[in-house]
file start.pdb (PDB, C-alpha atoms, pLDDT in the B column)
ATOM      1  CA  MET A 228      10.484  -1.125  19.480  1.00 47.00           C
ATOM      2  CA  PRO A 229       9.057  -4.672  19.748  1.00 49.00           C
ATOM      3  CA  ASN A 230      11.282  -7.204  21.464  1.00 46.00           C
ATOM      4  CA  GLN A 231      13.032  -9.283  18.809  1.00 51.00           C
ATOM      5  CA  SER A 232      15.406 -11.189  21.100  1.00 49.00           C
ATOM      6  CA  ARG A 233      13.671 -14.520  20.455  1.00 58.00           C
ATOM      7  CA  PRO A 234      14.635 -16.343  17.225  1.00 72.00           C
ATOM      8  CA  LYS A 235      11.807 -16.023  14.711  1.00 74.00           C
ATOM      9  CA  VAL A 236      11.676 -19.774  14.003  1.00 67.00           C
ATOM     10  CA  LYS A 237      11.189 -20.600  17.703  1.00 73.00           C
ATOM     11  CA  LYS A 238       8.662 -17.793  17.985  1.00 73.00           C
ATOM     12  CA  SER A 239       6.802 -19.172  14.968  1.00 72.00           C
ATOM     13  CA  ARG A 240       6.618 -22.644  16.498  1.00 70.00           C
ATOM     14  CA  ALA A 241       5.511 -21.293  19.866  1.00 74.00           C
ATOM     15  CA  LEU A 242       2.670 -19.311  18.262  1.00 78.00           C
ATOM     16  CA  GLY A 243       1.718 -21.966  15.727  1.00 76.00           C
ATOM     17  CA  ILE A 244       2.202 -19.719  12.675  1.00 74.00           C
ATOM     18  CA  ALA A 245       5.111 -19.157  10.257  1.00 69.00           C
ATOM     19  CA  LEU A 246       6.275 -15.555  10.660  1.00 74.00           C
ATOM     20  CA  THR A 247       8.879 -15.672   7.864  1.00 72.00           C
ATOM     21  CA  PRO A 248       9.312 -17.727   4.679  1.00 70.00           C
ATOM     22  CA  LYS A 249      12.362 -19.377   6.278  1.00 65.00           C
ATOM     23  CA  ALA A 250      10.236 -20.456   9.228  1.00 57.00           C
ATOM     24  CA  VAL A 251       7.773 -22.307   7.001  1.00 61.00           C
ATOM     25  CA  LYS A 252      10.007 -25.356   6.366  1.00 61.00           C
ATOM     26  CA  TYR A 253      11.137 -25.530   9.991  1.00 56.00           C
ATOM     27  CA  PHE A 254       7.548 -25.273  11.170  1.00 54.00           C
ATOM     28  CA  GLU A 255       6.455 -28.033   8.803  1.00 61.00           C
ATOM     29  CA  ALA A 256       9.213 -30.303  10.153  1.00 57.00           C
ATOM     30  CA  ARG A 257       8.464 -29.525  13.807  1.00 57.00           C
ATOM     31  CA  PRO A 258       4.792 -28.505  14.129  1.00 53.00           C
ATOM     32  CA  TYR A 259       4.919 -28.284  17.906  1.00 54.00           C
ATOM     33  CA  PRO A 260       6.214 -25.689  20.388  1.00 55.00           C
ATOM     34  CA  PRO A 261       9.992 -25.456  20.993  1.00 51.00           C
ATOM     35  CA  GLY A 262      11.734 -26.881  24.049  1.00 54.00           C
ATOM     36  CA  GLU A 263      11.975 -30.349  25.574  1.00 51.00           C
ATOM     37  CA  HIS A 264       8.310 -30.273  26.613  1.00 48.00           C
ATOM     38  CA  GLY A 265       7.081 -28.959  23.286  1.00 49.00           C
ATOM     39  CA  ARG A 266       5.295 -32.196  22.347  1.00 52.00           C
ATOM     40  CA  GLY A 267       3.714 -32.687  25.746  1.00 49.00           C
ATOM     41  CA  ARG A 268       0.028 -32.277  26.409  1.00 50.00           C
ATOM     42  CA  LYS A 269      -0.908 -28.805  27.548  1.00 58.00           C
ATOM     43  CA  GLN A 270      -3.864 -27.719  29.626  1.00 59.00           C
ATOM     44  CA  ASN A 271      -5.135 -24.512  28.050  1.00 75.00           C
ATOM     45  CA  SER A 272      -7.281 -22.182  30.110  1.00 89.00           C
ATOM     46  CA  ASP A 273      -9.693 -19.748  28.448  1.00 92.00           C
ATOM     47  CA  TYR A 274      -7.318 -16.940  29.384  1.00 94.00           C
ATOM     48  CA  LYS A 275      -4.334 -18.695  27.820  1.00 93.00           C
ATOM     49  CA  VAL A 276      -6.228 -19.342  24.571  1.00 94.00           C
ATOM     50  CA  ARG A 277      -7.166 -15.655  24.293  1.00 95.00           C
ATOM     51  CA  LEU A 278      -3.654 -14.528  25.236  1.00 95.00           C
ATOM     52  CA  LEU A 279      -2.110 -16.774  22.573  1.00 94.00           C
ATOM     53  CA  GLU A 280      -4.452 -15.403  19.902  1.00 96.00           C
ATOM     54  CA  LYS A 281      -3.549 -11.845  20.869  1.00 97.00           C
ATOM     55  CA  GLN A 282       0.163 -12.702  20.715  1.00 95.00           C
ATOM     56  CA  ARG A 283      -0.294 -14.313  17.303  1.00 94.00           C
ATOM     57  CA  LEU A 284      -1.906 -11.177  15.912  1.00 97.00           C
ATOM     58  CA  ARG A 285       0.754  -8.964  17.471  1.00 97.00           C
ATOM     59  CA  ALA A 286       3.541 -11.090  16.002  1.00 95.00           C
ATOM     60  CA  GLN A 287       2.139 -11.007  12.468  1.00 96.00           C
ATOM     61  CA  TYR A 288       2.314  -7.204  12.514  1.00 97.00           C
ATOM     62  CA  ASP A 289       5.480  -7.097  14.671  1.00 95.00           C
ATOM     63  CA  ILE A 290       4.033  -4.505  17.046  1.00 97.00           C
ATOM     64  CA  SER A 291       4.407  -3.800  20.754  1.00 96.00           C
ATOM     65  CA  GLU A 292       1.711  -4.431  23.348  1.00 97.00           C
ATOM     66  CA  ARG A 293       1.212  -0.676  23.669  1.00 97.00           C
ATOM     67  CA  GLN A 294       0.635  -0.296  19.920  1.00 97.00           C
ATOM     68  CA  MET A 295      -1.796  -3.216  19.993  1.00 97.00           C
ATOM     69  CA  ALA A 296      -3.789  -1.734  22.874  1.00 97.00           C
ATOM     70  CA  ARG A 297      -4.006   1.623  21.081  1.00 97.00           C
ATOM     71  CA  ALA A 298      -5.249  -0.062  17.912  1.00 97.00           C
ATOM     72  CA  TYR A 299      -7.879  -1.892  19.969  1.00 98.00           C
ATOM     73  CA  ASP A 300      -9.042   1.375  21.538  1.00 97.00           C
ATOM     74  CA  ARG A 301      -9.490   2.902  18.061  1.00 97.00           C
ATOM     75  CA  ALA A 302     -11.278  -0.223  16.818  1.00 97.00           C
ATOM     76  CA  LYS A 303     -13.807  -0.022  19.674  1.00 96.00           C
ATOM     77  CA  LYS A 304     -14.907   3.368  18.360  1.00 96.00           C
ATOM     78  CA  ALA A 305     -15.371   2.145  14.778  1.00 95.00           C
ATOM     79  CA  GLU A 306     -18.638   0.967  13.282  1.00 92.00           C
ATOM     80  CA  GLY A 307     -19.266  -2.754  12.950  1.00 94.00           C
ATOM     81  CA  LYS A 308     -17.523  -5.611  14.718  1.00 96.00           C
ATOM     82  CA  THR A 309     -14.615  -4.547  16.929  1.00 97.00           C
ATOM     83  CA  GLY A 310     -12.484  -7.566  16.002  1.00 97.00           C
ATOM     84  CA  GLU A 311     -12.749  -6.956  12.280  1.00 97.00           C
ATOM     85  CA  ALA A 312     -12.117  -3.236  12.783  1.00 97.00           C
ATOM     86  CA  LEU A 313      -8.975  -4.096  14.777  1.00 98.00           C
ATOM     87  CA  VAL A 314      -7.472  -6.192  11.977  1.00 98.00           C
ATOM     88  CA  VAL A 315      -8.342  -3.523   9.387  1.00 97.00           C
ATOM     89  CA  GLU A 316      -6.751  -0.902  11.653  1.00 97.00           C
ATOM     90  CA  LEU A 317      -3.514  -2.893  11.803  1.00 98.00           C
ATOM     91  CA  GLU A 318      -3.568  -3.672   8.081  1.00 98.00           C
ATOM     92  CA  ARG A 319      -3.544   0.049   7.257  1.00 98.00           C
ATOM     93  CA  ARG A 320      -0.115   0.421   8.856  1.00 98.00           C
ATOM     94  CA  LEU A 321       2.495   1.545   6.334  1.00 98.00           C
ATOM     95  CA  ASP A 322       4.858  -1.367   7.017  1.00 98.00           C
ATOM     96  CA  ALA A 323       2.038  -3.911   6.631  1.00 98.00           C
ATOM     97  CA  LEU A 324       1.057  -2.521   3.228  1.00 98.00           C
ATOM     98  CA  VAL A 325       4.695  -2.363   2.062  1.00 98.00           C
ATOM     99  CA  LEU A 326       4.783  -6.103   2.813  1.00 97.00           C
ATOM    100  CA  ARG A 327       1.454  -6.860   1.101  1.00 97.00           C
ATOM    101  CA  SER A 328       2.504  -4.964  -2.027  1.00 97.00           C
ATOM    102  CA  GLY A 329       5.515  -7.213  -2.592  1.00 97.00           C
ATOM    103  CA  ILE A 330       8.094  -4.483  -2.009  1.00 98.00           C
ATOM    104  CA  ALA A 331       9.296  -6.348   1.098  1.00 97.00           C
ATOM    105  CA  LYS A 332       9.615 -10.071   1.835  1.00 95.00           C
ATOM    106  CA  THR A 333       8.767  -9.991   5.553  1.00 95.00           C
ATOM    107  CA  ILE A 334       7.177  -7.575   8.007  1.00 96.00           C
ATOM    108  CA  TYR A 335      10.619  -7.133   9.572  1.00 96.00           C
ATOM    109  CA  GLN A 336      12.146  -6.051   6.262  1.00 97.00           C
ATOM    110  CA  ALA A 337       9.180  -3.755   5.581  1.00 98.00           C
ATOM    111  CA  ARG A 338       9.641  -2.069   8.968  1.00 98.00           C
ATOM    112  CA  GLN A 339      13.344  -1.581   8.265  1.00 98.00           C
ATOM    113  CA  MET A 340      12.653  -0.048   4.851  1.00 98.00           C
ATOM    114  CA  VAL A 341      10.292   2.485   6.401  1.00 98.00           C
ATOM    115  CA  VAL A 342      12.481   3.325   9.411  1.00 98.00           C
ATOM    116  CA  HIS A 343      15.516   3.889   7.178  1.00 98.00           C
ATOM    117  CA  GLY A 344      13.637   6.481   5.151  1.00 98.00           C
ATOM    118  CA  HIS A 345      13.283   4.586   1.873  1.00 98.00           C
ATOM    119  CA  ILE A 346       9.500   5.026   1.582  1.00 98.00           C
ATOM    120  CA  GLU A 347       7.395   8.064   0.726  1.00 98.00           C
ATOM    121  CA  VAL A 348       3.646   8.662   0.846  1.00 98.00           C
ATOM    122  CA  ASP A 349       2.174  11.173  -1.592  1.00 98.00           C
ATOM    123  CA  GLY A 350       5.669  12.519  -2.266  1.00 97.00           C
ATOM    124  CA  ARG A 351       6.691  12.978   1.388  1.00 98.00           C
ATOM    125  CA  LYS A 352       9.163  10.764   3.235  1.00 98.00           C
ATOM    126  CA  VAL A 353       7.529   8.773   6.040  1.00 98.00           C
ATOM    127  CA  ASP A 354       9.781   6.897   8.477  1.00 98.00           C
ATOM    128  CA  LYS A 355       7.143   5.701  10.951  1.00 98.00           C
ATOM    129  CA  PRO A 356       5.993   2.097  10.349  1.00 98.00           C
ATOM    130  CA  SER A 357       2.810   2.857  12.303  1.00 97.00           C
ATOM    131  CA  PHE A 358       1.753   5.571   9.822  1.00 98.00           C
ATOM    132  CA  ARG A 359      -1.835   4.786   8.827  1.00 97.00           C
ATOM    133  CA  VAL A 360      -2.299   4.817   5.071  1.00 98.00           C
ATOM    134  CA  ARG A 361      -5.578   6.261   3.823  1.00 97.00           C
ATOM    135  CA  PRO A 362      -7.497   5.369   0.663  1.00 98.00           C
ATOM    136  CA  ASP A 363      -6.002   7.020  -2.441  1.00 97.00           C
ATOM    137  CA  ASN A 364      -2.607   7.543  -0.757  1.00 98.00           C
ATOM    138  CA  ILE A 365       0.198   6.667  -3.171  1.00 98.00           C
ATOM    139  CA  VAL A 366       3.155   4.910  -1.572  1.00 98.00           C
ATOM    140  CA  MET A 367       6.462   4.411  -3.370  1.00 98.00           C
ATOM    141  CA  VAL A 368      10.154   3.818  -2.861  1.00 98.00           C
ATOM    142  CA  ARG A 369      12.059   7.102  -2.870  1.00 98.00           C
ATOM    143  CA  GLU A 370      14.056   7.895  -5.994  1.00 97.00           C
ATOM    144  CA  ARG A 371      17.426   7.817  -4.213  1.00 97.00           C
ATOM    145  CA  SER A 372      16.774   4.331  -2.806  1.00 98.00           C
ATOM    146  CA  ARG A 373      15.622   2.490  -5.910  1.00 97.00           C
ATOM    147  CA  ASP A 374      19.055   1.175  -6.953  1.00 97.00           C
ATOM    148  CA  LYS A 375      19.583  -0.633  -3.631  1.00 98.00           C
ATOM    149  CA  HIS A 376      19.610  -4.436  -3.926  1.00 97.00           C
ATOM    150  CA  PRO A 377      16.366  -5.217  -2.025  1.00 97.00           C
ATOM    151  CA  PHE A 378      14.402  -2.878  -4.269  1.00 98.00           C
ATOM    152  CA  GLN A 379      15.955  -4.343  -7.413  1.00 98.00           C
ATOM    153  CA  VAL A 380      14.764  -7.770  -6.215  1.00 97.00           C
ATOM    154  CA  ALA A 381      11.303  -6.367  -5.458  1.00 97.00           C
ATOM    155  CA  ARG A 382      11.058  -4.740  -8.895  1.00 97.00           C
ATOM    156  CA  GLU A 383      11.552  -8.154 -10.512  1.00 96.00           C
ATOM    157  CA  GLY A 384       8.845  -9.718  -8.340  1.00 95.00           C
ATOM    158  CA  GLY A 385      11.227 -11.489  -5.963  1.00 95.00           C
ATOM    159  CA  TYR A 386       9.126 -10.613  -2.906  1.00 95.00           C
ATOM    160  CA  ALA A 387       5.696 -10.817  -4.506  1.00 91.00           C
ATOM    161  CA  PRO A 388       3.121 -12.675  -2.370  1.00 84.00           C
ATOM    162  CA  ASP A 389       2.441 -16.345  -3.226  1.00 79.00           C
ATOM    163  CA  GLY A 390      -1.241 -15.661  -3.817  1.00 74.00           C
ATOM    164  CA  GLU A 391      -2.747 -12.727  -5.633  1.00 83.00           C
ATOM    165  CA  THR A 392      -2.113  -9.198  -4.418  1.00 91.00           C
ATOM    166  CA  PRO A 393      -4.899  -8.076  -2.046  1.00 94.00           C
ATOM    167  CA  ARG A 394      -7.709  -6.409  -3.961  1.00 95.00           C
ATOM    168  CA  TYR A 395      -7.567  -3.246  -1.876  1.00 97.00           C
ATOM    169  CA  LEU A 396      -4.149  -2.433  -3.375  1.00 98.00           C
ATOM    170  CA  GLN A 397      -3.191  -1.288  -6.866  1.00 97.00           C
ATOM    171  CA  VAL A 398       0.467  -2.301  -7.245  1.00 97.00           C
ATOM    172  CA  ASN A 399       3.066  -1.399  -9.872  1.00 97.00           C
ATOM    173  CA  LEU A 400       6.226  -3.265  -8.861  1.00 97.00           C
ATOM    174  CA  LYS A 401       8.199  -1.987 -11.850  1.00 97.00           C
ATOM    175  CA  ALA A 402       7.628   1.522 -10.497  1.00 98.00           C
ATOM    176  CA  LEU A 403       8.050   0.290  -6.882  1.00 98.00           C
ATOM    177  CA  ALA A 404       4.736   1.959  -6.065  1.00 98.00           C
ATOM    178  CA  PHE A 405       1.240   1.116  -4.884  1.00 98.00           C
ATOM    179  CA  ARG A 406      -2.013   2.806  -3.952  1.00 98.00           C
ATOM    180  CA  LEU A 407      -4.526   1.902  -1.265  1.00 98.00           C
ATOM    181  CA  ASP A 408      -7.784   1.945  -3.219  1.00 97.00           C
ATOM    182  CA  ARG A 409     -10.090   1.508  -0.214  1.00 97.00           C
ATOM    183  CA  ASP A 410     -10.200   0.187   3.310  1.00 95.00           C
ATOM    184  CA  PRO A 411      -9.591  -3.586   3.363  1.00 96.00           C
ATOM    185  CA  ASN A 412     -12.318  -6.078   4.235  1.00 96.00           C
ATOM    186  CA  ARG A 413     -11.361  -8.519   6.984  1.00 95.00           C
ATOM    187  CA  LYS A 414     -11.845 -11.568   4.740  1.00 95.00           C
ATOM    188  CA  GLU A 415      -9.306 -10.147   2.257  1.00 95.00           C
ATOM    189  CA  ILE A 416      -6.544  -9.671   4.818  1.00 96.00           C
ATOM    190  CA  PRO A 417      -4.042 -12.572   4.825  1.00 94.00           C
ATOM    191  CA  VAL A 418      -3.694 -12.797   8.606  1.00 94.00           C
ATOM    192  CA  ILE A 419      -4.250 -15.949  10.672  1.00 93.00           C
ATOM    193  CA  CYS A 420      -6.323 -14.911  13.662  1.00 93.00           C
ATOM    194  CA  ASP A 421      -9.597 -15.433  15.467  1.00 96.00           C
ATOM    195  CA  GLU A 422     -10.004 -11.750  16.222  1.00 97.00           C
ATOM    196  CA  GLN A 423     -13.038 -12.328  18.453  1.00 97.00           C
ATOM    197  CA  LEU A 424     -10.736 -14.040  20.967  1.00 97.00           C
ATOM    198  CA  VAL A 425      -8.499 -10.957  20.896  1.00 97.00           C
ATOM    199  CA  VAL A 426     -11.507  -8.742  21.645  1.00 97.00           C
ATOM    200  CA  GLU A 427     -12.461 -11.024  24.528  1.00 97.00           C
ATOM    201  CA  TYR A 428      -8.895 -10.809  25.868  1.00 97.00           C
ATOM    202  CA  TYR A 429      -9.007  -7.001  26.036  1.00 96.00           C
ATOM    203  CA  ALA A 430     -12.618  -6.860  27.235  1.00 93.00           C
ATOM    204  CA  ARG A 431     -11.989  -9.161  30.219  1.00 87.00           C
TER     205      ARG A 431
END

call {"tool": "encode", "arguments": {"input": "start.pdb", "output": "structure tokens"}}
result
Amino acid sequence: MPNQSRPKVKKSRALGIALTPKAVKYFEARPYPPGEHGRGRKQNSDYKVRLLEKQRLRAQYDISERQMARAYDRAKKAEGKTGEALVVELERRLDALVLRSGIAKTIYQARQMVVHGHIEVDGRKVDKPSFRVRPDNIVMVRERSRDKHPFQVAREGGYAPDGETPRYLQVNLKALAFRLDRDPNRKEIPVICDEQLVVEYYAR
């Protein structure tokens, strides 16, 4: 499991991105890294810039370094640009799509929903957040879980994304279900990352 010992607000400020809705207001108030030297000038090497970008991408999907390296290895074998293939690879994770659909508020909540057995894919329970959803897979909250409070909130749109739902998903929140219509395009994926820097980090 990824290391979650560091408070998410501090982690957000260190990485320069808001990882949770709660972190947004704190990040706006203190848009610099945490700690007494957070506002100081930093000398960034090429390595550090690439490392930070890799950590930012990892944090947005809440995955371990091992999972990230495996995703990169798969992306290298895909057609097209490796960086774009990497982000698409990560976006097809079950927990990521549960978040994008509006069934969960954060990636952490989405992971928990999957791990606790509340989600099924094509009628079969899946409890692995890393499960890769394929086009035309139908994902929904299991019947026995639908009366739980988080799913009642989701059904009423309480976790729906601020912008429009990504076009690669067909979502029915009232039914607590969605379908992956096709593989996402990188430009459609709401992730803050210069993926070319991540590729350069792993290719060094």

call {"tool": "residues_around", "arguments": {"input": "start.pdb", "residues": "Leu407 (chain A)", "least_positions_apart": "2", "cutoff": "9 Å", "atoms": "all atoms listed in the file", "output": "mmCIF file with C-alpha atoms, in the frame of the given file"}}
result
data_model
loop_
_atom_site.group_PDB
_atom_site.id
_atom_site.type_symbol
_atom_site.label_atom_id
_atom_site.label_comp_id
_atom_site.auth_asym_id
_atom_site.auth_seq_id
_atom_site.Cartn_x
_atom_site.Cartn_y
_atom_site.Cartn_z
ATOM 1 C CA ARG A 319 -3.544 0.049 7.257
ATOM 2 C CA LEU A 324 1.057 -2.521 3.228
ATOM 3 C CA VAL A 360 -2.299 4.817 5.071
ATOM 4 C CA ARG A 361 -5.578 6.261 3.823
ATOM 5 C CA PRO A 362 -7.497 5.369 0.663
ATOM 6 C CA ASP A 363 -6.002 7.020 -2.441
ATOM 7 C CA ASN A 364 -2.607 7.543 -0.757
ATOM 8 C CA ILE A 365 0.198 6.667 -3.171
ATOM 9 C CA VAL A 366 3.155 4.910 -1.572
ATOM 10 C CA TYR A 395 -7.567 -3.246 -1.876
ATOM 11 C CA LEU A 396 -4.149 -2.433 -3.375
ATOM 12 C CA GLN A 397 -3.191 -1.288 -6.866
ATOM 13 C CA VAL A 398 0.467 -2.301 -7.245
ATOM 14 C CA PHE A 405 1.240 1.116 -4.884
ATOM 15 C CA ARG A 409 -10.090 1.508 -0.214
ATOM 16 C CA ASP A 410 -10.200 0.187 3.310
ATOM 17 C CA PRO A 411 -9.591 -3.586 3.363
#

call {"tool": "residues_around", "arguments": {"input": "start.pdb", "residues": "Gln282 (chain A)", "least_positions_apart": "2", "cutoff": "12 Å", "atoms": "all atoms listed in the file", "output": "mmCIF file with C-alpha atoms, in the coordinates of the input"}}
result
data_model
loop_
_atom_site.group_PDB
_atom_site.id
_atom_site.type_symbol
_atom_site.label_atom_id
_atom_site.label_comp_id
_atom_site.auth_asym_id
_atom_site.auth_seq_id
_atom_site.Cartn_x
_atom_site.Cartn_y
_atom_site.Cartn_z
ATOM 1 C CA LYS A 238 8.662 -17.793 17.985
ATOM 2 C CA SER A 239 6.802 -19.172 14.968
ATOM 3 C CA ALA A 241 5.511 -21.293 19.866
ATOM 4 C CA LEU A 242 2.670 -19.311 18.262
ATOM 5 C CA GLY A 243 1.718 -21.966 15.727
ATOM 6 C CA ILE A 244 2.202 -19.719 12.675
ATOM 7 C CA LYS A 275 -4.334 -18.695 27.820
ATOM 8 C CA VAL A 276 -6.228 -19.342 24.571
ATOM 9 C CA ARG A 277 -7.166 -15.655 24.293
ATOM 10 C CA LEU A 278 -3.654 -14.528 25.236
ATOM 11 C CA LEU A 279 -2.110 -16.774 22.573
ATOM 12 C CA GLU A 280 -4.452 -15.403 19.902
ATOM 13 C CA LEU A 284 -1.906 -11.177 15.912
ATOM 14 C CA ARG A 285 0.754 -8.964 17.471
ATOM 15 C CA ALA A 286 3.541 -11.090 16.002
ATOM 16 C CA GLN A 287 2.139 -11.007 12.468
ATOM 17 C CA TYR A 288 2.314 -7.204 12.514
ATOM 18 C CA ASP A 289 5.480 -7.097 14.671
ATOM 19 C CA ILE A 290 4.033 -4.505 17.046
ATOM 20 C CA SER A 291 4.407 -3.800 20.754
ATOM 21 C CA GLU A 292 1.711 -4.431 23.348
ATOM 22 C CA MET A 295 -1.796 -3.216 19.993
ATOM 23 C CA ALA A 296 -3.789 -1.734 22.874
ATOM 24 C CA ILE A 419 -4.250 -15.949 10.672
ATOM 25 C CA CYS A 420 -6.323 -14.911 13.662
ATOM 26 C CA ASP A 421 -9.597 -15.433 15.467
ATOM 27 C CA GLU A 422 -10.004 -11.750 16.222
ATOM 28 C CA LEU A 424 -10.736 -14.040 20.967
ATOM 29 C CA VAL A 425 -8.499 -10.957 20.896
ATOM 30 C CA TYR A 428 -8.895 -10.809 25.868
#

call {"tool": "residues_around", "arguments": {"input": "start.pdb", "residues": "Lys303 (chain A)", "least_positions_apart": "6", "cutoff": "9 Å", "atoms": "all atoms listed in the file", "output": "JSON, numbers by chain"}}
result
{"A": [309, 310, 312, 313]}

call {"tool": "residues_around", "arguments": {"input": "start.pdb", "residues": "Ala404 (chain A)", "least_positions_apart": "3", "cutoff": "10 Å", "atoms": "all atoms listed in the file", "output": "ChimeraX atom specification"}}
result
/A:325,328-330,346-348,365-369,382,397-401

call {"tool": "write_last_selection", "arguments": {"input": "start.pdb", "atoms": "C-alpha atoms", "output": "short mmCIF file (atom, residue, chain, number, x, y, z; two decimals), in the coordinates of the input"}}
result
data_model
loop_
_atom_site.label_atom_id
_atom_site.label_comp_id
_atom_site.auth_asym_id
_atom_site.auth_seq_id
_atom_site.Cartn_x
_atom_site.Cartn_y
_atom_site.Cartn_z
CA VAL A 325 4.70 -2.36 2.06
CA SER A 328 2.50 -4.96 -2.03
CA GLY A 329 5.52 -7.21 -2.59
CA ILE A 330 8.09 -4.48 -2.01
CA ILE A 346 9.50 5.03 1.58
CA GLU A 347 7.40 8.06 0.73
CA VAL A 348 3.65 8.66 0.85
CA ILE A 365 0.20 6.67 -3.17
CA VAL A 366 3.16 4.91 -1.57
CA MET A 367 6.46 4.41 -3.37
CA VAL A 368 10.15 3.82 -2.86
CA ARG A 369 12.06 7.10 -2.87
CA ARG A 382 11.06 -4.74 -8.90
CA GLN A 397 -3.19 -1.29 -6.87
CA VAL A 398 0.47 -2.30 -7.24
CA ASN A 399 3.07 -1.40 -9.87
CA LEU A 400 6.23 -3.26 -8.86
CA LYS A 401 8.20 -1.99 -11.85
#

call {"tool": "residues_around", "arguments": {"input": "start.pdb", "residues": "Glu311 (chain A)", "least_positions_apart": "2", "cutoff": "9 Å", "atoms": "all atoms listed in the file", "output": "PyMOL selection string"}}
result
chain A and resi 302+307-309+313-316+412-414+422-423

call {"tool": "write_last_selection", "arguments": {"input": "start.pdb", "atoms": "C-alpha atoms", "output": "PDB file, keeping the file's coordinate frame"}}
result
ATOM      1  CA  ALA A 302     -11.278  -0.223  16.818  1.00 97.00           C
ATOM      2  CA  GLY A 307     -19.266  -2.754  12.950  1.00 94.00           C
ATOM      3  CA  LYS A 308     -17.523  -5.611  14.718  1.00 96.00           C
ATOM      4  CA  THR A 309     -14.615  -4.547  16.929  1.00 97.00           C
ATOM      5  CA  LEU A 313      -8.975  -4.096  14.777  1.00 98.00           C
ATOM      6  CA  VAL A 314      -7.472  -6.192  11.977  1.00 98.00           C
ATOM      7  CA  VAL A 315      -8.342  -3.523   9.387  1.00 97.00           C
ATOM      8  CA  GLU A 316      -6.751  -0.902  11.653  1.00 97.00           C
ATOM      9  CA  ASN A 412     -12.318  -6.078   4.235  1.00 96.00           C
ATOM     10  CA  ARG A 413     -11.361  -8.519   6.984  1.00 95.00           C
ATOM     11  CA  LYS A 414     -11.845 -11.568   4.740  1.00 95.00           C
ATOM     12  CA  GLU A 422     -10.004 -11.750  16.222  1.00 97.00           C
ATOM     13  CA  GLN A 423     -13.038 -12.328  18.453  1.00 97.00           C
TER      14      GLN A 423
END

call {"tool": "atom_distance", "arguments": {"input": "start.pdb", "atom1": "CA of Ala402 (chain A)", "atom2": "CA of Glu318 (chain A)"}}
result
22.3 Å

call {"tool": "atom_distance", "arguments": {"input": "start.pdb", "atom1": "CA of Pro377 (chain A)", "atom2": "CA of Asp408 (chain A)"}}
result
25.2 Å

call {"tool": "closest_residue", "arguments": {"input": "start.pdb", "among": "A:Asp273, A:Ile334, A:Lys304, A:Glu391", "to": "Lys235 (chain A)", "atoms": "all atoms listed in the file"}}
result
A:Ile334

call {"tool": "atom_distance", "arguments": {"input": "start.pdb", "atom1": "CA of Ala387 (chain A)", "atom2": "CA of His343 (chain A)"}}
result
21.2 Å

call {"tool": "closest_residue", "arguments": {"input": "start.pdb", "among": "A:Asp389, A:Asp322, A:Glu383, A:Asp374", "to": "Lys355 (chain A)", "atoms": "only C-alpha atoms"}}
result
A:Asp322

call {"tool": "axis_aligned_box", "arguments": {"input": "start.pdb", "around": "region 350-354 of chain A", "padding_each_side": "5 Å", "output": "AutoDock Vina command-line options"}}
result
--center_x 7.7 --center_y 9.9 --center_z 3.1 --size_x 14.1 --size_y 16.1 --size_z 20.7
